[in-house]
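Okay, so here's the structure we're looking at.
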Amino acid sequence: MTWRVACALVPDFVVNILSRQLPLNQRQMPLVIVEADHHRRVKDMNQAAFNEGIRHGYSSSRARALCPELICLAWQSETISHESERLVEALSLVSPIVQPLPDTYGRYWLDARGMSLLGGETAFVSRTIKTARQLGFENLRIGLADTLQMAELCALKTSVDHPFRIISTDESDMFMEQLPLDYMPIDEAMREILNALGIKHVHDLKRLPKCALTSRFGHRGARVWDDAHNLDPRRLNQTNESINLQVSMVLETPVSELGSLIFGVNQLADDLGKKLSERNLAAHCIGLTFLLEDRSESTTLLHPSRPLQTGTRLFELVRDRLERQQPELNSNVIEVRLTALETGHRDAQQIQMGTSRWDQSAVEKAMDRLSGRFDESIIYETQSQLSSRPEQKARWVPVDLHRRDNFPSPQVRPRARVIRRQIQKPAELRVKGQSLSAPDAIEINGRWHPFNAYGPERLSGDWWQSEYAYEDYRLVTQEHEVFWVRYQPADSKWTIQGWFD
Amino acid sequence: MISEKIRKKLYTTRPMDPRVHRSMSPIVDQLLGHSITSGAMIEWTGNRSSGKTGVLWVLVEGLRASGLNIAWIDTKSTLCASDWDTQHRGRFWLIRPPKQRDVPFCAELLMRTNSFSLLVIDGVHSLPMTRTQRLKRIARQTNTTAIFVHSTGVKSLADAQCRFRFQAFVKAPLDALEQRGPCTWSIIGRRTQTATALHSAKLTLSDQHTDRLSLIPLANDRLSREKQTAPKPLKEDAKQSPTTGSVIELKTSASASNAAKTKRQLS
């Protein structure tokens with residue numbers, strides 16, 4: 001399932017909470033929140049104070065020197081955490097997982113998966129904003145996207161008039177490319193260098209190869225490159241367990257060939273499986289991380305078709321990925337990590353209920369067994385082809401597991417219709433009547449059936465390829481069986497093509 | 001008194017909650033009793049041209065549209081690709097095992113992949129009780145719905161959780177264009193349990209419009225089309241042939257001569 005996550009953001013969260021005791025006209029004035037200890041450094045401020053030139057870390061006396069009418073309020077940790085908990089509790093009514101962002105106040109991740117089935121994502125956003133308003137947070141902003149980072153950027157790109165922004169999977173790249181670098185989590189030194197190089201937007205950054213950023217900025221450069229390409233392996237904690245389900249293996253010597261890591265990965269998978277079993281959990285998404293010599297890391301996300309809970313299954317998944325799609329690495333590997341990024345409570349023989357079930361490795365194994373047993377392809381799928389004959393507008397072709405187009409399903413209801421049953425080798429039909437071209441009865445299974453005939457559908461063509469000319473009839477017998485019968489005038493032959501069912 | 005360990009074991013190995021499958025057609029859902037549950041074994045019977053495949057097509061299309069994958073074991077190789085060539089998110093795989101005795105092997109293998117929500121086993125005459133029980137157990141474990149499609153005359157499955165029986169009657173064409181082919185027939189489907197009918201629905205099957213277009217008469221057939229009349233029901237006055245017991249010879253009835261006359265004119 002595609003990960004959908006919302007970021008709820010209350011601008012000036014701390015200022016809003018602590019200034020509630022003030023009259024409305026004073027809240028509009030320059031206002032800062034200072035530390036409760038004797039240093040009294042500025043920890044937060046409203047927009048009016050920012051416009052006066054006050055910044056984080058200023059002493060209260062320096063701030064007052066800049067703005068004599070400044071209002072200073074003391075930091076109250078208990079009040080802030082109480083209000084934050086109250087908001088989390090209220091938001092839990094609209095989303096199953098609500099998680100505050102680390103080291104910030106007034107920002108929350110919300111799990112938005114499946115909301116398209118619960119009235120749509122816009123309705124979900126409206127519900128969230130309404131819930132926050134009931135608690136007194138009038139200006140809640142929401143961003144909704146595929147990754148945590150993108151959701152946060154979306155929330156930052158909102159305004160008072162448009163308090164939410166929803167970005168679909170297709171729009172992610174376009175949205176990211178137009179952003180200036182100020183929105184990216186880049187330190188000042190790196191931003192200055194990039195600006196000096198003429199890189200001011202994300203689309204400029206995306207043009208650079210990863211190795212260029214890594215060689216110049218080290219692992220921070222690699223992370224920025226991942227951010228620009230919307231690669232964010234972080235996930236919400238679904239089980240409310242703070243324990244990080246991660247196993248790692250430090251290599252004695254740097255390795256350049258990933259195939260040689262198979263045995264080590266087997267051990268890691270076993271360890272992770274044991275950890276999952278101890279906590280009665282199953283993994284929905286696995287992160288395979290390679291730490292490289294240049295201090296960068298490469299994370300590959302693995303999505304099993306059903307939640308995994310055993311080391312064997314985890315290893316199969318990782319091995320398949322390593323064998324078929326190895327990640328491109330700039331440097332040698334010094335450490336391997338396996339992380340259960342998305343977990344849920346385990347269940348017997350679990351299946352992803354909300355999604356289409358498709359276990360590629362299991363299907364491949366089944367196909368191998370079938371081909372081993374029958375020595376021929378016995379699994380087919382349809383393939384369209386150009387033909388004027390109705391029954392030849394498609395044909396059965398052997399299944400190709402690696403060819404799959406994503407078709408959007410039509411939203412029309414299927415209407416009950418007549419389905420043909422076609423005999424593979426049409427048999428000649430025995431008929432009897434006054435003349436061969438106009439029979440009265442047909443013989444099927446050694447029995448003569450009188451009929452009512454309908455038709456003909458005269459078809460001819462393909463003179464340039466394989467010429468045909470015939471008449472198709474539908475014969476209805478006394479038992480209301482409808483046969484599909486063909487008459488070829490060239491050789492006066494009747495054949496039974498099948499029946500309608 | 002069950003120990004905590006056994007209780008935990010029972011909890012972790014309990015069967016999954018069944019999932020409800022619906023087609024997108026209200027009339028078919030009504031016939032199905034509003035839904036069919038996953039992990040069930042279902043019997044789907046009816047004579048030739050009874051409309052059982054047409055109704056099943058609606059269910060398959062509805063499930064594929066919702067992204068579920070379908071496997072169809074076609075033992076008699078009679079499915080026509082053009083009817084099933086629709087573009088959906090869910091896959092439709094056709095399996096044609098060389099022999100009837102390979103069907104349980106293929107069915108079991110496909111269900112164990114955990115990748116198909118519906119498995120249709122079409123045209124199997126009969127399966128041993130042990131085989132059906134095994135398939136039933138795997139279907140329940142993997143949450144796959146198994147539908148056995150066969151003719152009415154075949155011995156029914158003892159293990160089926162529910163049964164559907166279909167009957168059809170060809171409707172006389174009313175439209176002049178449909179004179180050249182019966183485009184509709186009326187279907188009565190019944191969901192039964194032992195001898196009791198639980199649900200019953202009546203629906204009409206009809207050809208696709210593209211098929212109907214091919215029934216438009218040619219210009220030089222106008223005369224014959226004007227003379228053509230609605231087909232009359234066949235008379236029951238057929239007599240047994242003296243040569244073989246199973247052969248029925250038809251008396252020269254009005255409808256047969258009418259049909260013959262029509263053929264002569266058309267040809």
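Chain labels run A, B, ... following the order of the structure tokens; each chain numbers its residues from 1, and ligands are numbered from 1 in the order shown.
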
Please, which residues in chain A fall within 7 Å of chain B when counting only C-alpha atoms, and what is the closest atom pair and distance in Å to one decimal for each, ordered by chain then residue number, as a Markdown table?
```
| residue | atom | partner | partner_atom | distance |
| --- | --- | --- | --- | --- |
| A:Asp347 | CA | B:Thr12 | CA | 5.7 |
| A:Ala348 | CA | B:Thr13 | CA | 4.8 |
| A:Ser356 | CA | B:Leu68 | CA | 5.0 |
| A:Arg357 | CA | B:Ser115 | CA | 4.7 |
| A:Trp358 | CA | B:Ser115 | CA | 4.4 |
| A:Asp359 | CA | B:Ser115 | CA | 5.7 |
| A:Ala362 | CA | B:Thr113 | CA | 5.0 |
| A:Val363 | CA | B:Thr113 | CA | 5.6 |
| A:Ala366 | CA | B:Leu109 | CA | 6.1 |
| A:Ile378 | CA | B:Arg96 | CA | 5.2 |
| A:Ile379 | CA | B:Ile95 | CA | 4.5 |
| A:Tyr380 | CA | B:Leu94 | CA | 5.0 |
| A:Glu381 | CA | B:Trp93 | CA | 5.2 |
| A:Thr382 | CA | B:Asp85 | CA | 5.5 |
| A:Gln383 | CA | B:Asp85 | CA | 6.9 |
| A:Ser384 | CA | B:Asp85 | CA | 6.8 |
| A:Glu391 | CA | B:Ser82 | CA | 5.7 |
| A:Gln392 | CA | B:Ser82 | CA | 6.4 |
| A:Lys393 | CA | B:Ser82 | CA | 5.4 |
| A:Ala394 | CA | B:Ser82 | CA | 4.5 |
| A:Arg395 | CA | B:Ala81 | CA | 5.1 |
| A:Trp396 | CA | B:Ala81 | CA | 5.9 |
| A:Asn406 | CA | B:Arg89 | CA | 6.3 |
| A:Phe407 | CA | B:Arg89 | CA | 5.3 |
| A:Pro408 | CA | B:Arg89 | CA | 6.2 |
| A:Ser409 | CA | B:His88 | CA | 4.6 |
| A:Arg413 | CA | B:Met24 | CA | 5.5 |
| A:Pro414 | CA | B:Val58 | CA | 5.8 |
| A:Arg415 | CA | B:Val58 | CA | 6.7 |
| A:Ala416 | CA | B:Leu205 | CA | 5.3 |
| A:Arg417 | CA | B:Leu205 | CA | 4.6 |
| A:Val418 | CA | B:Gly54 | CA | 5.3 |
| A:Ile419 | CA | B:Gly54 | CA | 5.4 |
| A:Arg420 | CA | B:Cys80 | CA | 6.1 |
| A:Arg421 | CA | B:Thr78 | CA | 4.9 |
| A:Gln422 | CA | B:Thr78 | CA | 4.7 |
| A:Ile423 | CA | B:Thr78 | CA | 5.4 |
| A:Gln424 | CA | B:Thr78 | CA | 6.7 |
| A:Ala438 | CA | B:Lys263 | CA | 5.2 |
| A:Pro439 | CA | B:Ala260 | CA | 6.4 |
| A:Asp440 | CA | B:Ala256 | CA | 6.0 |
| A:Gly446 | CA | B:Val247 | CA | 6.9 |
| A:Arg447 | CA | B:Val247 | CA | 4.8 |
| A:Trp448 | CA | B:Ile248 | CA | 5.3 |
| A:Pro450 | CA | B:Leu250 | CA | 6.6 |
| A:Asn452 | CA | B:Ala259 | CA | 6.4 |
| A:Ala453 | CA | B:Ala259 | CA | 6.5 |
| A:Tyr454 | CA | B:Gly181 | CA | 4.6 |
| A:Gly455 | CA | B:Arg180 | CA | 4.4 |
| A:Pro456 | CA | B:Arg180 | CA | 6.6 |
| A:Glu457 | CA | B:Leu215 | CA | 6.1 |
| A:Arg474 | CA | B:Gly181 | CA | 6.4 |
| A:Gln478 | CA | B:Leu234 | CA | 6.7 |
| A:His480 | CA | B:Phe169 | CA | 5.9 |
| A:Glu481 | CA | B:Ser49 | CA | 5.1 |
| A:Val482 | CA | B:Ser49 | CA | 5.9 |
| A:Trp499 | CA | B:Ser49 | CA | 7.0 |
| A:Phe500 | CA | B:Ser49 | CA | 5.4 |
| A:Asp501 | CA | B:Ser49 | CA | 3.9 |
```

Selection near Ala160 in chain B, 7 Å with only C-alpha atoms, sequence-local residues under 5 positions removed, as an mmCIF file with C-alpha atoms, in the first residue's frame:
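The file below, result_35.cif, is the result:
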```
data_model
loop_
_atom_site.group_PDB
_atom_site.id
_atom_site.type_symbol
_atom_site.label_atom_id
_atom_site.label_comp_id
_atom_site.auth_asym_id
_atom_site.auth_seq_id
_atom_site.Cartn_x
_atom_site.Cartn_y
_atom_site.Cartn_z
ATOM 1 C CA MET B 41 -15.796 -23.258 -1.168
ATOM 2 C CA ILE B 42 -18.697 -22.602 -3.490
ATOM 3 C CA GLU B 43 -20.484 -24.737 -6.027
#
```

Output as a PyMOL selection string all residues of range 139-316 of chain A that backbone DSSP marks as helix (DSSP H, G or I).
chain A and resi 148-156+172-177+181-183+188-196+202-207+210-217+219-228+258-278+311-316

For Val10 in chain A, list every protein, DNA or RNA residue within 7 Å, evaluated using only C-alpha atoms, and leave out those in the same chain fewer than 4 positions away; present the list as a ChimeraX atom specification.
/A:106-107,139-141

Which neighbours of range 207-216 of chain A fall inside 10 Å, counting only C-alpha atoms, when residues of the same chain fewer than 4 positions from it are skipped, and could you give them as a list in words?
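Final neighbour list, sorted by chain and number: Met190, Ile199, Val202, His203, Arg220, Gly221, Ala222, Arg223, Val224, Trp225, Asp226, Ala228, Asp294, Arg295, Ser296, Leu329, Asn330 and Ser331 of chain A.
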
Could you write out that same residue set with N, CA, C and O atoms as a PDB file, in the first residue's frame?
```pdb
ATOM      1  N   MET A 190      26.473  24.657   3.870  1.00  0.00           N
ATOM      2  CA  MET A 190      26.196  23.964   2.614  1.00  0.00           C
ATOM      3  C   MET A 190      25.309  24.827   1.704  1.00  0.00           C
ATOM      4  O   MET A 190      25.514  24.879   0.486  1.00  0.00           O
ATOM      5  N   ILE A 199      23.084  27.013  -7.421  1.00  0.00           N
ATOM      6  CA  ILE A 199      22.009  26.032  -7.162  1.00  0.00           C
ATOM      7  C   ILE A 199      21.068  26.635  -6.131  1.00  0.00           C
ATOM      8  O   ILE A 199      21.416  26.775  -4.958  1.00  0.00           O
ATOM      9  N   VAL A 202      15.409  23.118  -5.923  1.00  0.00           N
ATOM     10  CA  VAL A 202      15.600  21.671  -5.806  1.00  0.00           C
ATOM     11  C   VAL A 202      15.841  21.039  -7.174  1.00  0.00           C
ATOM     12  O   VAL A 202      16.594  20.076  -7.294  1.00  0.00           O
ATOM     13  N   HIS A 203      15.226  21.617  -8.219  1.00  0.00           N
ATOM     14  CA  HIS A 203      15.436  20.996  -9.544  1.00  0.00           C
ATOM     15  C   HIS A 203      16.886  21.140 -10.000  1.00  0.00           C
ATOM     16  O   HIS A 203      17.394  20.316 -10.756  1.00  0.00           O
ATOM     17  N   ARG A 220      26.352  14.185   4.593  1.00  0.00           N
ATOM     18  CA  ARG A 220      25.294  15.191   4.588  1.00  0.00           C
ATOM     19  C   ARG A 220      24.829  15.474   3.152  1.00  0.00           C
ATOM     20  O   ARG A 220      23.648  15.678   2.888  1.00  0.00           O
ATOM     21  N   GLY A 221      25.766  15.462   2.242  1.00  0.00           N
ATOM     22  CA  GLY A 221      25.431  15.665   0.832  1.00  0.00           C
ATOM     23  C   GLY A 221      24.572  14.543   0.288  1.00  0.00           C
ATOM     24  O   GLY A 221      23.611  14.775  -0.465  1.00  0.00           O
ATOM     25  N   ALA A 222      24.922  13.332   0.697  1.00  0.00           N
ATOM     26  CA  ALA A 222      24.131  12.175   0.240  1.00  0.00           C
ATOM     27  C   ALA A 222      22.699  12.260   0.767  1.00  0.00           C
ATOM     28  O   ALA A 222      21.739  11.934   0.064  1.00  0.00           O
ATOM     29  N   ARG A 223      22.578  12.715   1.991  1.00  0.00           N
ATOM     30  CA  ARG A 223      21.231  12.832   2.568  1.00  0.00           C
ATOM     31  C   ARG A 223      20.411  13.904   1.857  1.00  0.00           C
ATOM     32  O   ARG A 223      19.216  13.732   1.614  1.00  0.00           O
ATOM     33  N   VAL A 224      21.067  15.001   1.526  1.00  0.00           N
ATOM     34  CA  VAL A 224      20.370  16.070   0.796  1.00  0.00           C
ATOM     35  C   VAL A 224      19.910  15.558  -0.569  1.00  0.00           C
ATOM     36  O   VAL A 224      18.796  15.855  -1.016  1.00  0.00           O
ATOM     37  N   TRP A 225      20.778  14.772  -1.204  1.00  0.00           N
ATOM     38  CA  TRP A 225      20.403  14.216  -2.505  1.00  0.00           C
ATOM     39  C   TRP A 225      19.158  13.315  -2.366  1.00  0.00           C
ATOM     40  O   TRP A 225      18.244  13.364  -3.171  1.00  0.00           O
ATOM     41  N   ASP A 226      19.166  12.484  -1.307  1.00  0.00           N
ATOM     42  CA  ASP A 226      17.998  11.616  -1.052  1.00  0.00           C
ATOM     43  C   ASP A 226      16.751  12.455  -0.802  1.00  0.00           C
ATOM     44  O   ASP A 226      15.664  12.145  -1.296  1.00  0.00           O
ATOM     45  N   ALA A 228      16.134  15.446  -1.884  1.00  0.00           N
ATOM     46  CA  ALA A 228      15.696  16.079  -3.135  1.00  0.00           C
ATOM     47  C   ALA A 228      14.969  15.090  -4.027  1.00  0.00           C
ATOM     48  O   ALA A 228      14.094  15.472  -4.804  1.00  0.00           O
ATOM     49  N   ASP A 294      32.426   6.244   2.770  1.00  0.00           N
ATOM     50  CA  ASP A 294      32.445   7.712   2.738  1.00  0.00           C
ATOM     51  C   ASP A 294      31.421   8.326   3.702  1.00  0.00           C
ATOM     52  O   ASP A 294      31.007   9.459   3.537  1.00  0.00           O
ATOM     53  N   ARG A 295      30.978   7.549   4.675  1.00  0.00           N
ATOM     54  CA  ARG A 295      30.055   7.950   5.738  1.00  0.00           C
ATOM     55  C   ARG A 295      28.624   8.184   5.219  1.00  0.00           C
ATOM     56  O   ARG A 295      27.784   8.692   5.951  1.00  0.00           O
ATOM     57  N   SER A 296      28.381   7.890   3.988  1.00  0.00           N
ATOM     58  CA  SER A 296      26.997   7.997   3.506  1.00  0.00           C
ATOM     59  C   SER A 296      26.319   6.650   3.717  1.00  0.00           C
ATOM     60  O   SER A 296      26.966   5.662   4.090  1.00  0.00           O
ATOM     61  N   LEU A 329      26.092   1.704  -5.432  1.00  0.00           N
ATOM     62  CA  LEU A 329      26.819   2.259  -4.301  1.00  0.00           C
ATOM     63  C   LEU A 329      28.060   2.993  -4.795  1.00  0.00           C
ATOM     64  O   LEU A 329      28.736   2.544  -5.725  1.00  0.00           O
ATOM     65  N   ASN A 330      28.343   4.128  -4.137  1.00  0.00           N
ATOM     66  CA  ASN A 330      29.500   4.939  -4.538  1.00  0.00           C
ATOM     67  C   ASN A 330      30.792   4.470  -3.886  1.00  0.00           C
ATOM     68  O   ASN A 330      31.873   4.834  -4.316  1.00  0.00           O
ATOM     69  N   SER A 331      30.633   3.718  -2.834  1.00  0.00           N
ATOM     70  CA  SER A 331      31.817   3.380  -2.056  1.00  0.00           C
ATOM     71  C   SER A 331      31.644   1.980  -1.483  1.00  0.00           C
ATOM     72  O   SER A 331      30.576   1.366  -1.633  1.00  0.00           O
TER      73      SER A 331
END
```

List as an mmCIF file with N, CA, C and O atoms, in the first residue's frame the protein and nucleic acid residues near Glu471 in chain A, meaning an atom at most 9 Å away when only C-alpha atoms are counted, but skip any in the same chain fewer than 3 places from it.
```cif
data_model
loop_
_atom_site.group_PDB
_atom_site.id
_atom_site.type_symbol
_atom_site.label_atom_id
_atom_site.label_comp_id
_atom_site.auth_asym_id
_atom_site.auth_seq_id
_atom_site.Cartn_x
_atom_site.Cartn_y
_atom_site.Cartn_z
ATOM 1 N N GLY A 455 -29.609 -16.185 -37.441
ATOM 2 C CA GLY A 455 -28.427 -15.774 -38.167
ATOM 3 C C GLY A 455 -28.754 -15.548 -39.619
ATOM 4 O O GLY A 455 -29.921 -15.408 -39.974
ATOM 5 N N PRO A 456 -27.791 -15.538 -40.462
ATOM 6 C CA PRO A 456 -26.374 -15.740 -40.162
ATOM 7 C C PRO A 456 -25.653 -14.419 -39.876
ATOM 8 O O PRO A 456 -26.134 -13.357 -40.226
ATOM 9 N N GLU A 457 -24.501 -14.534 -39.226
ATOM 10 C CA GLU A 457 -23.536 -13.439 -39.177
ATOM 11 C C GLU A 457 -22.494 -13.791 -40.224
ATOM 12 O O GLU A 457 -21.711 -14.708 -40.027
ATOM 13 N N ARG A 458 -22.522 -13.064 -41.310
ATOM 14 C CA ARG A 458 -21.599 -13.393 -42.414
ATOM 15 C C ARG A 458 -20.302 -12.616 -42.233
ATOM 16 O O ARG A 458 -20.309 -11.402 -42.101
ATOM 17 N N LEU A 459 -19.233 -13.330 -42.226
ATOM 18 C CA LEU A 459 -17.928 -12.700 -42.036
ATOM 19 C C LEU A 459 -16.977 -13.196 -43.107
ATOM 20 O O LEU A 459 -16.958 -14.379 -43.435
ATOM 21 N N SER A 460 -16.232 -12.269 -43.643
ATOM 22 C CA SER A 460 -15.198 -12.651 -44.602
ATOM 23 C C SER A 460 -14.105 -11.599 -44.569
ATOM 24 O O SER A 460 -14.311 -10.483 -44.115
ATOM 25 N N VAL A 485 -22.639 -22.223 -34.171
ATOM 26 C CA VAL A 485 -22.400 -23.150 -35.286
ATOM 27 C C VAL A 485 -21.951 -22.362 -36.510
ATOM 28 O O VAL A 485 -22.421 -21.245 -36.730
ATOM 29 N N ARG A 486 -21.048 -22.931 -37.267
ATOM 30 C CA ARG A 486 -20.480 -22.220 -38.421
ATOM 31 C C ARG A 486 -20.706 -23.030 -39.704
ATOM 32 O O ARG A 486 -20.519 -24.248 -39.714
ATOM 33 N N TYR A 487 -21.107 -22.304 -40.727
ATOM 34 C CA TYR A 487 -21.295 -22.947 -42.034
ATOM 35 C C TYR A 487 -20.321 -22.332 -43.029
ATOM 36 O O TYR A 487 -20.263 -21.099 -43.156
ATOM 37 N N GLN A 488 -19.547 -23.203 -43.664
ATOM 38 C CA GLN A 488 -18.587 -22.722 -44.654
ATOM 39 C C GLN A 488 -19.099 -23.104 -46.024
ATOM 40 O O GLN A 488 -19.062 -24.284 -46.409
ATOM 41 N N PRO A 489 -19.645 -22.130 -46.759
ATOM 42 C CA PRO A 489 -20.275 -22.460 -48.050
ATOM 43 C C PRO A 489 -19.288 -23.046 -49.051
ATOM 44 O O PRO A 489 -19.686 -23.814 -49.928
#
```

From the set B:Val103, B:Ile36, B:Leu118, B:Leu63, which residue has the shortest atom-to-atom contact distance to Ala139 in chain B, counting only C-alpha atoms?
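Distance minimum relative to Ala139 in chain B lands on B:Leu118.
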
To one decimal place, how far is CA of Glu342 in chain A from CA of Thr147 in chain A in Å?
13.2 Å
